[in-house]
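J.: Below are the structure tokens for one structure; questions will follow.
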Amino acid sequence: MNDSVLLLGAYALPFGKVMAGIAAVCLLLLMVMTLVLLRSRRERAFEAAVAAERAREMDDKMAEMTRIQAEMTGRMQTIAEVFGTRQSDFVRLISERIDGLQHRVGQGLEATTRHQSENLSRLNERLAVIDAAQRNLKDLAGEIVGLKDVLSNKQARGAYGQGRMEAIVRDGLPSGAFEFQPTLSNRTRPDCLVRLPGDSRGLVVDAKFPLEAFIRFRDARDEDGKVRAAARVRNDVLIHVRDIAEKYLIPGETQDIAIMFVPAESIYADLAEHFEDVVQKAHRARVVIVSPSLLALAIQVMQSLVRDARIREEAHVIQVEVQKLLEDVERLNGRVAKLDAHFRQAQEDVGQIRVSTEKIVKRGQKIETLEFDEGDAEKAEWIRLHGPGLRAVE
């Protein structure tokens with residue numbers, strides 16, 4: 001009901017007011033369009049100004065770019081000229097470097113060739129030495145095989161031990177202090193008999209040694225084989241010790257002890273390490289077991305004893321020689337005393353000669369400087385008057 005009333009009131013408004021509102025709206029629209037036109041014109045003018053400014057800036061930039069391009073062209077020309085000059089210098093430098101490098105490479109190749117030639121010559125020499133050493137090794141291997149054959153043969157092994165023992169004895173003792181293979185009173189012949197000074201009894205050296213048992217002892221792989229070989233070593237060595245004691249320990253003819261020579265240090269080391277009881281039993285039987293080094297040491301001790309005995313035997317001869325030496329020393333002392341007296345007399349004569357020489361030098365200096373004393377002038381006048389044959393005496 002209320003809504004219908006309001007609608008009817010609205011339709012009842014006057015027509016004039018409606019027209020006035022329409023005119024106002026049109027006027028408002030006209031003003032708005034005018035403002036829009038003015039604003040669009042102002043914007044077109046601003047855009048034209050902006051475009052003109054941009055065109056001016058573009059002209060300035062183009063001019064600047066033209067100037068920069070001209071400068072770049074000049075610089076590029078300068079760079080091209082400099083690069084051409086530098087290129088020629090670079091080519092010349094490269095040529096010089098290549099020439100120098102070729103020269104150094106040539107020298108290096110020459111030195112390398114010479115060095116390689118020297119190395120090849122030294123290598124050839126070393127190869128020759130190696131070939132010689134290889135031949136020596138082959139010879140040594142053959143000798144070792146021969147030595148093995150010698151050691152495997154009992155007679156040859158005995159000869160080897162005998163030869164080594166004889167070499168040690170000969171190198172250490174004079175010829176009259178030993179004898180090889182002598183015959184004793186019981187018809188036995190020891191390998192060597194060393195005669196010590198002051199004692200008519202000789203020291204027996206036996207060079208035979210049982211080696212088969214030692215070879216089996218070293219070659220044994222199991223414990224049972226080693227035990228059996230050790231028992232064989234003890235048995236063989238003790239039997240040989242008993243034979244030496246029974247054959248060569250003769251009272252009044254030989255020394256109370258004998259020497260059993262072992263021809264190898266390794267065998268002696270095994271004997272001393274593994275069979276000390278055998279060594280002790282040999283000592284109690286008055287048989288000393290020695291290696292080559294111990295025999296050489298014993299021979300040196302014997303050599304000292306022989307030298308001392310010879311010195312005691314030749315003591316009277318030494319005294320006579322010393323007396324003659326003292327007489328020669330006294331005679332030399334007298335001759336030295338005479339020579340000393342001659343030297344002292346000669347020294348005194350030389351001193352007097354030096355005094356006379358100094359006086360002559362001083363007078364010559366006075367003559368040179370014309371410095372004369374009054375007494376010297378009177379003497380000179382007196383000598384001139386009394387004759388040139390007179391001499392002035394001091």
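A note on labels: chains of the structure tokens are A, B, ... as shown, every chain counts residues from 1, and ligands are counted from 1 in their shown order.
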Extract, using only C-alpha atoms, all DNA, RNA and protein residues at most 10 Å from Ile250 in chain A, discarding same-chain residues fewer than 3 positions from it, and format them as a ChimeraX atom specification.
T.: /A:184-186,201-202,245-247,253-257
J.: Show me a table, sorted first by chain and then by increasing residue number, of the residues of range 235-321 of chain A having an atom at most 8 Å from range 210-219 of chain A, each with its shortest atom pair and the distance in Å to one decimal, counting only C-alpha atoms and written as JSON lines.
T.:
```
{"residue": "A:Asp236", "atom": "CA", "partner": "A:Pro210", "partner_atom": "CA", "distance": 6.4}
{"residue": "A:Val237", "atom": "CA", "partner": "A:Pro210", "partner_atom": "CA", "distance": 6.6}
{"residue": "A:His240", "atom": "CA", "partner": "A:Pro210", "partner_atom": "CA", "distance": 7.7}
{"residue": "A:Ile267", "atom": "CA", "partner": "A:Phe214", "partner_atom": "CA", "distance": 7.7}
```
J.: Would you please extract all helix (DSSP H, G or I) residues from range 17-217 of chain A, as assigned by DSSP on the backbone, and give them as a PyMOL selection string?
T.: chain A and resi 17-152+154-172+175-177+212-217
J.: Can you tell me how far CA of Arg234 in chain A sits from CA of Ala282 in chain A, in Å to one decimal?
T.: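 CA of Arg234 in chain A sits 10.8 Å away from CA of Ala282 in chain A.
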J.: With a distance cut-off of 12 Å and only C-alpha atoms, select the neighbouring residues of Leu203 in chain A, excluding the residue or stretch itself and same-chain residues fewer than 3 positions from it, and output the selection as number ranges by chain.
T.: A: 177-180, 182, 184, 190-197, 199-200, 206, 248-260, 286-288, 298-299, 302
J.: Those same residues - N, CA, C and O atoms - I'd like them written as a CSV table (one decimal), in the first residue's frame.
T.:
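As written to disk, result_16.csv reads:
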```csv
chain,number,residue,atom,x,y,z
A,177,ALA,N,161.2,-74.1,12.5
A,177,ALA,CA,160.4,-74.3,13.7
A,177,ALA,C,159.3,-75.3,13.5
A,177,ALA,O,158.6,-75.6,14.5
A,178,PHE,N,159.2,-75.9,12.4
A,178,PHE,CA,158.1,-76.9,12.2
A,178,PHE,C,158.6,-78.0,11.2
A,178,PHE,O,159.6,-77.8,10.5
A,179,GLU,N,157.9,-79.1,11.1
A,179,GLU,CA,158.2,-80.2,10.2
A,179,GLU,C,156.9,-80.9,9.9
A,179,GLU,O,156.1,-81.2,10.8
A,180,PHE,N,156.7,-81.1,8.6
A,180,PHE,CA,155.5,-81.8,8.1
A,180,PHE,C,155.7,-83.3,7.9
A,180,PHE,O,156.8,-83.7,7.4
A,182,PRO,N,156.5,-85.8,10.0
A,182,PRO,CA,157.6,-86.4,10.6
A,182,PRO,C,157.3,-87.8,11.1
A,182,PRO,O,156.1,-88.2,11.3
A,184,LEU,N,157.6,-90.4,14.2
A,184,LEU,CA,157.9,-90.4,15.6
A,184,LEU,C,158.5,-91.8,16.0
A,184,LEU,O,158.6,-92.7,15.1
A,190,PRO,N,152.5,-87.8,12.3
A,190,PRO,CA,151.5,-86.7,12.4
A,190,PRO,C,151.6,-85.8,11.2
A,190,PRO,O,152.6,-85.7,10.5
A,191,ASP,N,150.5,-85.0,11.1
A,191,ASP,CA,150.5,-84.0,9.9
A,191,ASP,C,151.5,-82.9,10.1
A,191,ASP,O,152.1,-82.5,9.1
A,192,CYS,N,151.7,-82.5,11.3
A,192,CYS,CA,152.7,-81.4,11.5
A,192,CYS,C,153.2,-81.5,13.0
A,192,CYS,O,152.5,-81.9,13.9
A,193,LEU,N,154.5,-81.1,13.1
A,193,LEU,CA,155.2,-81.1,14.4
A,193,LEU,C,155.9,-79.8,14.6
A,193,LEU,O,156.8,-79.5,13.8
A,194,VAL,N,155.4,-79.0,15.5
A,194,VAL,CA,155.9,-77.6,15.8
A,194,VAL,C,156.9,-77.7,16.9
A,194,VAL,O,156.5,-78.3,18.0
A,195,ARG,N,158.1,-77.2,16.7
A,195,ARG,CA,159.2,-77.3,17.8
A,195,ARG,C,159.2,-75.9,18.4
A,195,ARG,O,159.6,-74.9,17.8
A,196,LEU,N,159.0,-75.9,19.7
A,196,LEU,CA,159.0,-74.7,20.5
A,196,LEU,C,160.4,-74.4,21.0
A,196,LEU,O,161.1,-75.4,21.3
A,197,PRO,N,160.8,-73.2,21.2
A,197,PRO,CA,162.2,-72.9,21.6
A,197,PRO,C,162.3,-73.2,23.1
A,197,PRO,O,161.4,-73.1,23.9
A,199,ASP,N,162.6,-76.2,24.3
A,199,ASP,CA,162.0,-77.5,24.6
A,199,ASP,C,162.2,-78.4,23.5
A,199,ASP,O,161.9,-78.1,22.3
A,200,SER,N,162.7,-79.6,23.7
A,200,SER,CA,163.0,-80.5,22.7
A,200,SER,C,161.7,-81.3,22.2
A,200,SER,O,161.7,-81.9,21.2
A,206,ASP,N,147.2,-82.2,14.1
A,206,ASP,CA,146.5,-83.2,13.3
A,206,ASP,C,145.5,-82.5,12.4
A,206,ASP,O,144.6,-81.8,13.0
A,248,TYR,N,149.9,-89.8,19.3
A,248,TYR,CA,150.8,-88.6,19.3
A,248,TYR,C,151.3,-88.0,20.6
A,248,TYR,O,152.1,-87.1,20.6
A,249,LEU,N,150.7,-88.5,21.7
A,249,LEU,CA,151.1,-88.0,23.0
A,249,LEU,C,152.1,-88.9,23.6
A,249,LEU,O,151.7,-89.9,24.3
A,250,ILE,N,153.3,-88.7,23.2
A,250,ILE,CA,154.4,-89.6,23.7
A,250,ILE,C,155.2,-88.9,24.7
A,250,ILE,O,155.8,-87.8,24.5
A,251,PRO,N,155.4,-89.4,25.9
A,251,PRO,CA,156.1,-88.7,27.0
A,251,PRO,C,157.6,-88.5,26.6
A,251,PRO,O,158.2,-89.5,26.1
A,252,GLY,N,158.1,-87.3,26.8
A,252,GLY,CA,159.5,-87.0,26.5
A,252,GLY,C,159.8,-86.7,25.1
A,252,GLY,O,160.8,-86.2,24.8
A,253,GLU,N,158.8,-87.0,24.2
A,253,GLU,CA,159.1,-86.8,22.8
A,253,GLU,C,158.1,-85.7,22.2
A,253,GLU,O,158.5,-84.9,21.4
A,254,THR,N,156.9,-85.7,22.7
A,254,THR,CA,155.9,-84.7,22.2
A,254,THR,C,155.4,-83.9,23.4
A,254,THR,O,155.6,-84.3,24.6
A,255,GLN,N,154.7,-82.8,23.2
A,255,GLN,CA,154.1,-82.0,24.3
A,255,GLN,C,153.0,-82.8,24.9
A,255,GLN,O,152.5,-83.8,24.4
A,256,ASP,N,152.6,-82.3,26.1
A,256,ASP,CA,151.5,-82.9,26.8
A,256,ASP,C,150.1,-82.8,26.2
A,256,ASP,O,149.2,-83.4,26.6
A,257,ILE,N,150.0,-81.8,25.2
A,257,ILE,CA,148.8,-81.6,24.5
A,257,ILE,C,149.0,-81.7,23.0
A,257,ILE,O,150.1,-81.6,22.5
A,258,ALA,N,147.9,-82.0,22.3
A,258,ALA,CA,148.0,-82.0,20.8
A,258,ALA,C,146.8,-81.2,20.3
A,258,ALA,O,145.8,-80.9,21.0
A,259,ILE,N,147.0,-80.8,19.0
A,259,ILE,CA,146.0,-79.9,18.4
A,259,ILE,C,145.3,-80.6,17.3
A,259,ILE,O,145.9,-81.3,16.4
A,260,MET,N,143.9,-80.6,17.3
A,260,MET,CA,143.1,-81.2,16.2
A,260,MET,C,142.6,-80.0,15.4
A,260,MET,O,141.8,-79.2,15.9
A,286,ARG,N,143.4,-84.1,26.6
A,286,ARG,CA,144.6,-83.2,26.3
A,286,ARG,C,144.7,-83.1,24.7
A,286,ARG,O,145.8,-83.0,24.2
A,287,VAL,N,143.5,-82.9,24.1
A,287,VAL,CA,143.5,-82.6,22.7
A,287,VAL,C,142.6,-81.4,22.5
A,287,VAL,O,141.5,-81.3,22.9
A,288,VAL,N,143.3,-80.3,21.9
A,288,VAL,CA,142.6,-79.0,21.8
A,288,VAL,C,142.1,-78.9,20.3
A,288,VAL,O,142.9,-79.1,19.4
A,298,ALA,N,147.2,-69.2,17.6
A,298,ALA,CA,148.2,-70.0,18.3
A,298,ALA,C,149.6,-69.9,17.6
A,298,ALA,O,150.6,-69.8,18.3
A,299,ILE,N,149.6,-69.9,16.3
A,299,ILE,CA,150.9,-69.8,15.6
A,299,ILE,C,151.5,-68.4,15.8
A,299,ILE,O,152.8,-68.3,15.9
A,302,MET,N,153.2,-68.7,19.1
A,302,MET,CA,154.4,-69.5,19.0
A,302,MET,C,155.5,-68.6,18.3
A,302,MET,O,156.7,-68.7,18.6
```
J.: Between CA of Arg312 in chain A and CA of Glu166 in chain A, measure the distance and give it in Å to one decimal.
T.: 27.6 Å
J.: Check range 106-248 of chain A with DSSP on the backbone and list each residue it calls strand (DSSP E or B), as a ChimeraX atom specification.
T.: /A:178-180,192-195,202-206
J.: Would you mind exporting N, CA, C and O atoms of the selected residues as a CSV table (one decimal), in the first residue's frame?
T.:
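Output saved as out36.csv:
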```
chain,number,residue,atom,x,y,z
A,178,PHE,N,159.2,-75.9,12.4
A,178,PHE,CA,158.1,-76.9,12.2
A,178,PHE,C,158.6,-78.0,11.2
A,178,PHE,O,159.6,-77.8,10.5
A,179,GLU,N,157.9,-79.1,11.1
A,179,GLU,CA,158.2,-80.2,10.2
A,179,GLU,C,156.9,-80.9,9.9
A,179,GLU,O,156.1,-81.2,10.8
A,180,PHE,N,156.7,-81.1,8.6
A,180,PHE,CA,155.5,-81.8,8.1
A,180,PHE,C,155.7,-83.3,7.9
A,180,PHE,O,156.8,-83.7,7.4
A,192,CYS,N,151.7,-82.5,11.3
A,192,CYS,CA,152.7,-81.4,11.5
A,192,CYS,C,153.2,-81.5,13.0
A,192,CYS,O,152.5,-81.9,13.9
A,193,LEU,N,154.5,-81.1,13.1
A,193,LEU,CA,155.2,-81.1,14.4
A,193,LEU,C,155.9,-79.8,14.6
A,193,LEU,O,156.8,-79.5,13.8
A,194,VAL,N,155.4,-79.0,15.5
A,194,VAL,CA,155.9,-77.6,15.8
A,194,VAL,C,156.9,-77.7,16.9
A,194,VAL,O,156.5,-78.3,18.0
A,195,ARG,N,158.1,-77.2,16.7
A,195,ARG,CA,159.2,-77.3,17.8
A,195,ARG,C,159.2,-75.9,18.4
A,195,ARG,O,159.6,-74.9,17.8
A,202,GLY,N,158.1,-81.7,20.7
A,202,GLY,CA,157.3,-81.1,19.6
A,202,GLY,C,155.8,-81.1,19.9
A,202,GLY,O,155.3,-81.9,20.6
A,203,LEU,N,155.1,-80.1,19.3
A,203,LEU,CA,153.7,-79.9,19.4
A,203,LEU,C,153.1,-80.5,18.2
A,203,LEU,O,153.3,-80.1,17.1
A,204,VAL,N,152.2,-81.5,18.4
A,204,VAL,CA,151.6,-82.3,17.3
A,204,VAL,C,150.3,-81.5,16.8
A,204,VAL,O,149.5,-81.1,17.7
A,205,VAL,N,150.2,-81.3,15.5
A,205,VAL,CA,149.0,-80.8,14.9
A,205,VAL,C,148.4,-81.8,13.9
A,205,VAL,O,149.1,-82.2,13.0
A,206,ASP,N,147.2,-82.2,14.1
A,206,ASP,CA,146.5,-83.2,13.3
A,206,ASP,C,145.5,-82.5,12.4
A,206,ASP,O,144.6,-81.8,13.0
```
J.: Work out how far CA of Arg187 in chain A is from CA of Ser291 in chain A, in Å to one decimal.
T.: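 Computing it gives 27.4 Å between the two atoms.
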